[in-house]
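**Q** Right, I'll just put the structure down here and ask away after.
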Amino acid sequence: MDNDQLAHDPDGPVLLVGGYGTVGAELARATAGQWPLLLLGRSPEKAADLCRELGAEARRWDLGDPAPFRAAARAVVSVVNDPDDRVLRAALAGGVPYVDVTRWTSRVQRAAALASLAPAGPGTPAPVLLSSGWMGGVVPLVAAALAERLGGADRVETAIRYDLADRSGVDSVEFMDRLGIDFEVREEGRATAVTPLTSTRTLTIGEHRTKVARIDTPEQFTLPLTLGARTVTTRIGFSSTASTSALVALGRVGFFRHARGERWRPVRHRLLHAPGTGGTAALRVEVEGPRGVLRATVTDPHGQARLTAVGALMGLRRVLGADGAPARPGLAFPESHPLPHTLLPALAEAGVRIDVRAPHADPQAPAAA
């Protein structure tokens, strides 16, 4: 696996690893026409129709197969789980700008350490953007935009409405399949251990009242480091209150803690993965800073796969310096964006609906721009 070789070619294609999966295909369509594309995965024949549609190419790179992979690339976006860091290691060694949108928190931490400890090459290190905050980094991007308006971020609270009718891939289940493992967050500046599916709330997310509970997501690790937030909280709930209540009940009796092994994986996945044909992605991000409190409600009627692809595309534009500011070498997270005032307009331009208000503002009042 150490024989994988990526070489930086500023005129070469953008490599999308997993570029024809649920999120990958959305990202490929969003990226097509801006840069040449090379779609990678275990079964490139499955990409034939998409390649014809987009004028892209496809090749095999199975991250579970030790056969080495070699290519020249302008940049690489990893849209699949990379348990052995093959894509990241190859990008680091080849000086290729890199974006990842699929890592859960412990793997973000490992990737950050790997990127920081990588041997220095003869040139400037390539940008490495770990953009695995919820929905391809959309949550931390919105948090950064609100923090700029407020003069900083002391508290960031996110609530996610997961539409059971929506399309989702297997990797999204892997992301959530750690409900039996406690995780660490910052509360009032102190490290605090949290058990998943606890501290339930019923909140308004867009047009819906949604029951939500605690979940481990990477922005709860990164936002205290990047924005200096003293408290960061993320909760999630299904579009069906009954389904959320059932999941919370299973957590309360210890099912996920006692069923953590491979033997129980199919059962856990059946509980977490029942993809539909399409739904609406909705979440809200509330930030408290020195100048007050703002809440952004983010909605994508095309669903979570497309919203994740939007976040990934913004990450790709960042590492290529194609978003109004030069690319920065080395490790970064989405919320480290040098132009935070551009983030909400960029999301809106991509078709994402964003409503920003003070939490107790008149609902009939016009939304903030």
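Numbering starts fresh at 1 for the residues of each chain in the structure tokens, the chains themselves are lettered A, B, ... in the order given, and ligands are numbered from 1 as they appear.
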Where in segment 37-271 of chain A does DSSP assign helix (DSSP H, G or I), given as a PyMOL selection string?

**A** chain A and resi 44-54+86-94+105-117+134-150+170-176+219-226+241-252+255-258+262-271

**Q** Name all residues at most 10 Å from Ser78 of chain A (count only C-alpha atoms; drop same-chain ones fewer than 3 positions away) and give them as a PyMOL selection string.

**A** chain A and resi 15-19+24+40+81-82+87-88+98-103+130+312

**Q** Would you kindly return, as a list in words, each protein, DNA or RNA residue with an atom no farther than 7 Å from any atom of Ala281 of chain A, considering only C-alpha atoms and excluding same-chain residues fewer than 3 positions away?

**A** Arg161, Tyr162, Asp163, Thr299, Asp300, Pro301, Gly303 and Gln304 of chain A

**Q** By how many Å are atom CA of Thr31 of chain A and atom CA of Asp323 of chain A apart?

**A** 13.7 Å

**Q** List as a VMD selection string the protein and nucleic acid residues near Pro340 of chain A, meaning an atom at most 9 Å away when only C-alpha atoms are counted, but skip any in the same chain fewer than 2 places from it.

**A** chain A and resid 141 to 142 144 to 148 335 to 338 342 to 344

**Q** So what do you get for atom CA of Gly136 of chain A versus atom CA of Leu331 of chain A, distance-wise?

**A** 16.4 Å

**Q** Can you list every residue of segment 83-107 of chain A that has an atom at most 9 Å from segment 205-227 of chain A, with its nearest atom pair and the distance in Å to one decimal, using only C-alpha atoms, ordered by chain then number, as a tab-separated table?

**A**
residue	atom	partner	partner_atom	distance
A:Arg103	CA	A:Pro218	CA	8.0
A:Trp104	CA	A:Pro218	CA	6.1
A:Thr105	CA	A:Pro218	CA	4.5
A:Ser106	CA	A:Pro218	CA	8.2

**Q** Name all residues at most 12 Å from Gly189 of chain A (count only C-alpha atoms; drop same-chain ones fewer than 5 positions away) and give them as a list in words.

**A**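 What passes the distance filter is Asp154, Arg155, Glu184, Leu223, Pro224, Leu225, Gly228, Ala229, Arg230, Thr231 and Val232 of chain A.
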
**Q** Would you compute the distance between atom CA of Asp9 of chain A and atom CA of Glu57 of chain A? Give it in Å to one decimal.

**A**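 Pair atom CA of Asp9 of chain A / atom CA of Glu57 of chain A returns 16.6 Å.
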